[in-house]
file my_file.txt (compact mmCIF, C-alpha atoms and all ligand atoms)
# COMPACT_ATOMS: atom_id res chain seq x y z
CA MET A 1 21.82 -29.27 -11.29
CA ILE A 2 23.87 -26.67 -9.38
CA ARG A 3 21.76 -23.98 -10.97
CA CYS A 4 18.52 -25.57 -9.81
CA LEU A 5 19.86 -26.05 -6.32
CA CYS A 6 21.06 -22.48 -6.11
CA THR A 7 17.77 -21.16 -7.39
CA ILE A 8 15.93 -23.05 -4.70
CA LEU A 9 18.38 -21.92 -2.02
CA TYR A 10 18.13 -18.38 -3.24
CA PHE A 11 14.38 -18.28 -2.89
CA PHE A 12 14.52 -19.88 0.51
CA CYS A 13 16.71 -16.99 1.62
CA ILE A 14 14.33 -14.44 0.18
CA LEU A 15 11.32 -16.08 1.76
CA ASN A 16 13.05 -16.27 5.12
CA LEU A 17 14.04 -12.65 5.04
CA THR A 18 10.83 -11.14 3.87
CA GLY A 19 8.02 -13.56 4.34
CA VAL A 20 7.06 -12.78 0.75
CA SER A 21 5.25 -15.61 -0.87
CA LEU A 22 6.47 -15.97 -4.42
CA ASP A 23 4.33 -17.42 -7.09
CA PHE A 24 5.65 -20.87 -7.93
CA GLN A 25 5.54 -20.23 -11.66
CA VAL A 26 7.79 -17.22 -11.21
CA LYS A 27 10.27 -19.35 -9.29
CA GLU A 28 10.27 -21.97 -11.97
CA LYS A 29 11.09 -19.42 -14.62
CA MET A 30 14.12 -18.07 -12.79
CA HIS A 31 17.48 -18.79 -14.33
CA TYR A 32 20.77 -17.23 -13.44
CA ASN A 33 21.71 -16.81 -17.05
CA ASN A 34 19.09 -14.13 -17.39
CA ALA A 35 20.46 -11.41 -15.18
CA GLN A 36 17.73 -8.97 -16.18
CA GLU A 37 15.03 -11.40 -15.12
CA VAL A 38 16.76 -12.06 -11.82
CA LYS A 39 16.93 -8.35 -11.20
CA GLU A 40 13.30 -7.69 -12.10
CA VAL A 41 11.81 -10.52 -10.08
CA VAL A 42 13.99 -9.90 -7.05
CA SER A 43 13.42 -6.17 -7.10
CA GLU A 44 9.67 -6.53 -7.55
CA HIS A 45 9.14 -9.09 -4.84
CA VAL A 46 11.81 -8.26 -2.32
CA SER A 47 13.02 -4.68 -2.23
CA GLY A 48 9.60 -3.18 -1.57
CA GLU A 49 9.07 -5.50 1.33
CA MET A 50 12.63 -5.09 2.60
CA SER A 51 12.27 -1.33 2.92
CA GLU A 52 9.59 -1.91 5.56
CA TYR A 53 12.34 -3.36 7.74
CA GLY A 54 14.32 -0.13 7.75
CA ASP A 55 17.60 0.83 6.15
CA VAL A 56 18.53 -2.31 4.27
CA PRO A 57 21.25 -1.40 1.75
CA LYS A 58 20.41 -1.86 -1.91
CA LYS A 59 22.71 -4.49 -3.35
CA ILE A 60 24.54 -4.08 -6.63
CA ALA A 61 27.45 -5.97 -8.23
CA LEU A 62 30.47 -4.72 -10.12
CA THR A 63 31.99 -7.28 -12.47
CA PHE A 64 35.34 -7.01 -14.25
CA ASP A 65 36.12 -9.09 -17.31
CA ASP A 66 39.27 -9.96 -19.26
CA GLY A 67 41.90 -9.55 -16.51
CA PRO A 68 43.92 -9.85 -14.51
CA ASN A 69 45.91 -7.05 -16.09
CA VAL A 70 49.31 -6.05 -14.82
CA ALA A 71 48.82 -2.35 -15.56
CA CYS A 72 45.33 -1.95 -14.09
CA THR A 73 44.13 -4.70 -11.76
CA GLY A 74 46.45 -3.85 -8.85
CA ARG A 75 45.27 -0.24 -8.74
CA LEU A 76 41.67 -1.39 -8.93
CA LEU A 77 42.24 -3.76 -6.00
CA ASP A 78 43.79 -0.92 -3.99
CA GLY A 79 40.73 1.24 -4.67
CA LEU A 80 38.27 -1.51 -3.80
CA LYS A 81 40.10 -2.25 -0.54
CA LYS A 82 40.10 1.42 0.43
CA ARG A 83 36.34 1.53 -0.10
CA ASN A 84 35.70 -1.82 1.56
CA VAL A 85 34.07 -3.13 -1.62
CA ARG A 86 34.04 -6.65 -2.99
CA ALA A 87 33.60 -7.32 -6.68
CA THR A 88 33.59 -10.18 -9.17
CA PHE A 89 36.41 -10.85 -11.64
CA PHE A 90 35.71 -13.02 -14.69
CA VAL A 91 39.31 -13.83 -15.53
CA ILE A 92 40.79 -15.07 -18.77
CA GLY A 93 42.67 -18.27 -17.93
CA LYS A 94 45.87 -17.38 -19.75
CA ASN A 95 45.96 -13.97 -18.01
CA ALA A 96 45.52 -15.66 -14.64
CA LYS A 97 48.40 -18.00 -15.46
CA LYS A 98 50.56 -15.07 -16.55
CA ASN A 99 49.69 -13.08 -13.40
CA PRO A 100 49.40 -15.58 -10.55
CA LYS A 101 50.21 -13.03 -7.84
CA LEU A 102 47.42 -10.72 -8.97
CA THR A 103 45.02 -13.65 -9.26
CA LYS A 104 45.86 -14.75 -5.75
CA ARG A 105 45.48 -11.21 -4.47
CA ILE A 106 41.98 -10.95 -6.02
CA TYR A 107 41.02 -14.13 -4.19
CA GLU A 108 42.67 -13.28 -0.88
CA GLU A 109 41.03 -9.87 -0.74
CA GLY A 110 37.60 -11.47 -0.77
CA HIS A 111 36.55 -10.94 -4.36
CA MET A 112 34.86 -13.62 -6.40
CA ILE A 113 36.71 -15.18 -9.33
CA GLY A 114 34.67 -16.39 -12.28
CA ASN A 115 35.71 -18.16 -15.47
CA HIS A 116 35.88 -16.22 -18.78
CA THR A 117 37.48 -19.01 -20.88
CA TYR A 118 41.22 -19.53 -21.40
CA THR A 119 41.77 -17.47 -24.56
CA HIS A 120 38.58 -15.39 -24.75
CA ILE A 121 36.99 -17.53 -27.43
CA ASP A 122 33.57 -16.92 -28.93
CA MET A 123 31.90 -20.05 -27.61
CA SER A 124 29.25 -19.96 -30.33
CA LYS A 125 31.94 -20.38 -32.99
CA VAL A 126 33.79 -23.42 -31.63
CA SER A 127 32.75 -26.99 -30.89
CA GLU A 128 31.30 -27.85 -27.50
CA GLY A 129 34.40 -29.93 -26.83
CA LYS A 130 36.70 -27.00 -27.47
CA ALA A 131 34.58 -24.65 -25.37
CA GLY A 132 34.53 -27.16 -22.53
CA LYS A 133 38.33 -27.50 -22.68
CA GLU A 134 38.75 -23.72 -22.50
CA LEU A 135 36.59 -23.58 -19.40
CA LYS A 136 38.25 -26.56 -17.70
CA LYS A 137 41.75 -25.23 -18.40
CA THR A 138 40.78 -21.90 -16.85
CA SER A 139 39.18 -23.51 -13.80
CA ARG A 140 42.26 -25.68 -13.26
CA THR A 141 44.51 -22.61 -13.54
CA VAL A 142 42.45 -20.67 -10.99
CA HIS A 143 42.37 -23.68 -8.67
CA ALA A 144 46.13 -24.13 -8.88
CA ILE A 145 46.58 -20.52 -7.73
CA THR A 146 43.76 -20.05 -5.22
CA GLY A 147 42.82 -23.59 -4.18
CA GLU A 148 39.25 -23.01 -5.32
CA TYR A 149 37.45 -23.84 -8.57
CA PRO A 150 35.28 -21.07 -10.02
CA GLN A 151 31.58 -21.89 -9.86
CA TYR A 152 30.42 -19.08 -12.11
CA MET A 153 31.28 -18.31 -15.71
CA ARG A 154 30.63 -15.53 -18.17
CA PRO A 155 30.95 -16.37 -21.85
CA PRO A 156 32.98 -13.85 -23.87
CA TYR A 157 30.57 -11.49 -25.70
CA GLY A 158 27.80 -13.03 -23.58
CA VAL A 159 27.37 -15.71 -26.24
CA CYS A 160 26.78 -19.35 -25.40
CA SER A 161 24.42 -21.87 -27.01
CA GLN A 162 21.52 -23.16 -24.96
CA LYS A 163 22.80 -26.70 -25.40
CA LEU A 164 26.28 -25.91 -24.15
CA GLU A 165 24.87 -23.87 -21.30
CA GLU A 166 22.75 -26.79 -20.16
CA SER A 167 25.72 -29.14 -20.25
CA LEU A 168 27.88 -26.90 -18.06
CA ASP A 169 28.37 -27.55 -14.38
CA MET A 170 28.83 -23.84 -13.84
CA ILE A 171 26.42 -20.98 -13.32
CA LEU A 172 26.31 -18.64 -16.28
CA VAL A 173 26.22 -14.92 -15.49
CA ARG A 174 25.61 -12.13 -17.96
CA TRP A 175 24.93 -8.49 -16.92
CA THR A 176 22.21 -5.83 -16.75
CA ILE A 177 24.29 -2.66 -17.35
CA ASP A 178 26.91 -2.45 -20.08
CA PRO A 179 28.42 1.04 -20.48
CA LEU A 180 30.66 -0.20 -23.35
CA ASP A 181 33.73 0.90 -21.39
CA TRP A 182 36.10 -0.83 -23.83
CA LYS A 183 34.69 1.28 -26.66
CA THR A 184 34.61 4.74 -25.12
CA GLU A 185 37.62 4.57 -22.77
CA ASN A 186 36.18 7.80 -21.38
CA THR A 187 35.90 7.77 -17.59
CA ASN A 188 33.16 10.38 -17.21
CA GLU A 189 31.05 8.83 -19.95
CA ILE A 190 31.28 5.40 -18.33
CA VAL A 191 30.40 6.81 -14.89
CA LYS A 192 27.42 8.72 -16.28
CA LYS A 193 26.07 5.72 -18.17
CA VAL A 194 26.24 3.51 -15.09
CA VAL A 195 25.02 5.83 -12.33
CA THR A 196 22.04 7.10 -14.33
CA LYS A 197 20.90 3.54 -15.01
CA ALA A 198 21.82 1.85 -11.73
CA GLU A 199 19.10 0.14 -9.76
CA GLU A 200 19.02 -2.40 -7.00
CA ASN A 201 20.32 -5.87 -7.99
CA ASP A 202 22.02 -4.65 -11.15
CA ILE A 203 25.10 -6.43 -12.48
CA ILE A 204 27.50 -3.90 -14.00
CA LEU A 205 29.92 -5.00 -16.73
CA LEU A 206 33.36 -3.37 -16.82
CA HIS A 207 36.86 -4.47 -17.87
CA ASP A 208 39.91 -4.25 -15.61
CA CYS A 209 42.27 -3.84 -18.53
CA TYR A 210 41.57 -0.15 -19.20
CA LYS A 211 42.75 2.72 -17.01
CA SER A 212 39.53 4.61 -17.76
CA SER A 213 37.44 1.67 -16.54
CA VAL A 214 39.32 1.45 -13.24
CA ASP A 215 38.92 5.21 -12.68
CA ALA A 216 35.23 4.93 -13.60
CA ALA A 217 34.64 1.97 -11.28
CA LEU A 218 36.04 3.84 -8.28
CA LYS A 219 33.95 6.94 -9.07
CA ILE A 220 30.85 4.77 -9.56
CA ILE A 221 31.43 3.24 -6.13
CA ASP A 222 31.83 6.65 -4.47
CA ILE A 223 28.62 7.95 -6.05
CA LEU A 224 26.46 4.88 -5.48
CA GLN A 225 27.67 4.25 -1.92
CA LYS A 226 26.41 7.74 -1.06
CA LYS A 227 23.06 6.74 -2.55
CA GLY A 228 22.85 3.79 -0.17
CA TYR A 229 24.11 0.99 -2.40
CA GLU A 230 26.16 -1.90 -1.08
CA PHE A 231 28.57 -3.51 -3.54
CA VAL A 232 28.57 -7.28 -3.33
CA THR A 233 29.94 -10.22 -5.30
CA VAL A 234 27.67 -11.92 -7.83
CA ASP A 235 27.14 -14.95 -5.59
CA GLU A 236 26.12 -12.67 -2.73
CA LEU A 237 23.67 -10.88 -4.99
CA PHE A 238 22.07 -14.18 -5.86
CA LEU A 239 22.25 -15.98 -2.55
CA ASP A 240 22.04 -13.46 0.28
NI NI A 301 35.50 -10.54 -22.29
call {"tool": "encode", "arguments": {"input": "my_file.txt", "output": "structure tokens"}}
result
Amino acid sequence: MIRCLCTILYFFCILNLTGVSLDFQVKEKMHYNNAQEVKEVVSEHVSGEMSEYGDVPKKIALTFDDGPNVACTGRLLDGLKKRNVRATFFVIGKNAKKNPKLTKRIYEEGHMIGNHTYTHIDMSKVSEGKAGKELKKTSRTVHAITGEYPQYMRPPYGVCSQKLEESLDMILVRWTIDPLDWKTENTNEIVKKVVTKAEENDIILLHDCYKSSVDAALKIIDILQKKGYEFVTVDELFLD
């Protein structure tokens, strides 16, 4: 229900901004769980038209999974603040509980907090009941710290059954660029993979539990800001 409403809202915004008339069938096919589709349709129908209005920044979203992490997240937040960038953090519930100050800081500095389950479970390998409990426990934890329930979730490994997805009252978000930062732990490699692929409306997947990923994220921002990109939270990417 929320997803449908947001999709409709989203297209209203696009139509208002651009006057582009979108084919109804295209609208019907849009789902937030398919980040690639969102990117393609939005880019095709909007960015071309937007450029006629002058220097409209190209939007792109950085997302950080698996935190908050006591060794890395604080430094990342410092770097984001310095660059005036807002990002999205899909937190693991038990990490949020363990690091309430960092969780609160993420929220207070204007970033978006999403739900990444309580113990990083593979949602395709547990019952729907168990998966639902993991999500609820995480949302309650985030709410207790920030006063706000997450509206967006990202399933660990990007895996979630269609049935479970449809039963959720959250918006599922995957990604369009995955530099496998957890695997390489090599800053320059991560930067190269992202900046060579980056396009308008991309959702970049990184993890704020590796030093190399934090270093890469800040370099990615410096490079892409110079190319005219504006870093926004996932909800801004979808709704602005
Ligand atoms: Ni994860």
call {"tool": "residues_around", "arguments": {"input": "my_file.txt", "residues": "region 216-218 of chain A", "least_positions_apart": "5", "cutoff": "12 Å", "atoms": "all atoms listed in the file", "output": "ChimeraX atom specification"}}
result
/A:61-64,72-73,75-87,179-182,184-195,204-208,210-211,223-225,231
call {"tool": "closest_residue", "arguments": {"input": "my_file.txt", "among": "A:Thr146, A:Thr138, A:Gln36, A:Asn95", "to": "Tyr107 (chain A)", "atoms": "all atoms listed in the file"}}
result
A:Thr146
call {"tool": "residues_near_ligand", "arguments": {"input": "my_file.txt", "ligand": "ligand NI 301 (chain A)", "cutoff": "10 Å", "atoms": "all atoms listed in the file", "output": "list in words"}}
result
Phe64, Asp65, Asp66, Gly67, Phe90, Val91, Ile92, His116, Thr117, Thr119, His120, Ile121, Asp122, Arg154, Pro155, Pro156, Tyr157, Gly158, Trp182, Leu205, Leu206 and His207 of chain A
call {"tool": "closest_residue", "arguments": {"input": "my_file.txt", "among": "A:Ile220, A:Cys160, A:Leu237, A:Val214", "to": "Glu128 (chain A)", "atoms": "all atoms listed in the file"}}
result
A:Cys160
call {"tool": "residues_around", "arguments": {"input": "my_file.txt", "residues": "Met170 (chain A)", "least_positions_apart": "4", "cutoff": "7 Å", "atoms": "only C-alpha atoms", "output": "list in words"}}
result
Gln151, Tyr152 and Met153 of chain A
call {"tool": "closest_residue", "arguments": {"input": "my_file.txt", "among": "A:Tyr149, A:Leu239, A:Glu230, A:Arg174", "to": "Asp55 (chain A)", "atoms": "all atoms listed in the file"}}
result
A:Glu230
call {"tool": "atom_distance", "arguments": {"input": "my_file.txt", "atom1": "CA of Ile171 (chain A)", "atom2": "CA of Ser124 (chain A)"}}
result
17.3 Å
call {"tool": "residues_around", "arguments": {"input": "my_file.txt", "residues": "Lys59 (chain A)", "least_positions_apart": "2", "cutoff": "9 Å", "atoms": "all atoms listed in the file", "output": "list in words"}}
result
Val56, Pro57, Ala61, Glu199, Glu200, Asn201, Asp202, Gly228, Tyr229, Glu230, Phe231, Val232, Glu236 and Leu237 of chain A
call {"tool": "atom_distance", "arguments": {"input": "my_file.txt", "atom1": "CA of Thr103 (chain A)", "atom2": "CA of Val159 (chain A)"}}
result
24.6 Å
call {"tool": "atom_distance", "arguments": {"input": "my_file.txt", "atom1": "CA of Asp178 (chain A)", "atom2": "CA of Ala35 (chain A)"}}
result
12.1 Å
call {"tool": "build_atoms", "arguments": {"input": "my_file.txt", "residues": "region 53-66 of chain A", "atoms": "N, CA and C atoms", "output": "PDB file, in the coordinates of the input"}}
result
ATOM      1  N   TYR A  53      11.520  -2.946   6.607  1.00  0.00           N
ATOM      2  CA  TYR A  53      12.340  -3.360   7.740  1.00  0.00           C
ATOM      3  C   TYR A  53      13.414  -2.327   8.076  1.00  0.00           C
ATOM      4  N   GLY A  54      13.368  -1.193   7.436  1.00  0.00           N
ATOM      5  CA  GLY A  54      14.320  -0.130   7.750  1.00  0.00           C
ATOM      6  C   GLY A  54      15.373   0.033   6.684  1.00  0.00           C
ATOM      7  N   ASP A  55      16.566   0.476   7.110  1.00  0.00           N
ATOM      8  CA  ASP A  55      17.600   0.830   6.150  1.00  0.00           C
ATOM      9  C   ASP A  55      18.390  -0.386   5.681  1.00  0.00           C
ATOM     10  N   VAL A  56      17.803  -1.183   4.839  1.00  0.00           N
ATOM     11  CA  VAL A  56      18.530  -2.310   4.270  1.00  0.00           C
ATOM     12  C   VAL A  56      19.227  -1.786   3.012  1.00  0.00           C
ATOM     13  N   PRO A  57      20.573  -1.943   2.929  1.00  0.00           N
ATOM     14  CA  PRO A  57      21.250  -1.400   1.750  1.00  0.00           C
ATOM     15  C   PRO A  57      20.779  -2.083   0.472  1.00  0.00           C
ATOM     16  N   LYS A  58      20.761  -1.296  -0.601  1.00  0.00           N
ATOM     17  CA  LYS A  58      20.410  -1.860  -1.910  1.00  0.00           C
ATOM     18  C   LYS A  58      21.657  -2.529  -2.462  1.00  0.00           C
ATOM     19  N   LYS A  59      21.525  -3.767  -2.866  1.00  0.00           N
ATOM     20  CA  LYS A  59      22.710  -4.490  -3.350  1.00  0.00           C
ATOM     21  C   LYS A  59      22.916  -4.288  -4.848  1.00  0.00           C
ATOM     22  N   ILE A  60      24.173  -4.247  -5.214  1.00  0.00           N
ATOM     23  CA  ILE A  60      24.540  -4.080  -6.630  1.00  0.00           C
ATOM     24  C   ILE A  60      25.911  -4.737  -6.817  1.00  0.00           C
ATOM     25  N   ALA A  61      26.177  -5.243  -8.013  1.00  0.00           N
ATOM     26  CA  ALA A  61      27.450  -5.970  -8.230  1.00  0.00           C
ATOM     27  C   ALA A  61      28.252  -5.359  -9.364  1.00  0.00           C
ATOM     28  N   LEU A  62      29.527  -5.131  -9.075  1.00  0.00           N
ATOM     29  CA  LEU A  62      30.470  -4.720 -10.120  1.00  0.00           C
ATOM     30  C   LEU A  62      31.177  -5.975 -10.617  1.00  0.00           C
ATOM     31  N   THR A  63      31.260  -6.135 -11.922  1.00  0.00           N
ATOM     32  CA  THR A  63      31.990  -7.280 -12.470  1.00  0.00           C
ATOM     33  C   THR A  63      33.055  -6.768 -13.442  1.00  0.00           C
ATOM     34  N   PHE A  64      34.221  -7.411 -13.399  1.00  0.00           N
ATOM     35  CA  PHE A  64      35.340  -7.010 -14.250  1.00  0.00           C
ATOM     36  C   PHE A  64      35.791  -8.195 -15.101  1.00  0.00           C
ATOM     37  N   ASP A  65      35.749  -8.019 -16.387  1.00  0.00           N
ATOM     38  CA  ASP A  65      36.120  -9.090 -17.310  1.00  0.00           C
ATOM     39  C   ASP A  65      37.519  -8.872 -17.893  1.00  0.00           C
ATOM     40  N   ASP A  66      38.077  -9.954 -18.395  1.00  0.00           N
ATOM     41  CA  ASP A  66      39.270  -9.960 -19.260  1.00  0.00           C
ATOM     42  C   ASP A  66      40.619  -9.814 -18.550  1.00  0.00           C
TER      43      ASP A  66
END
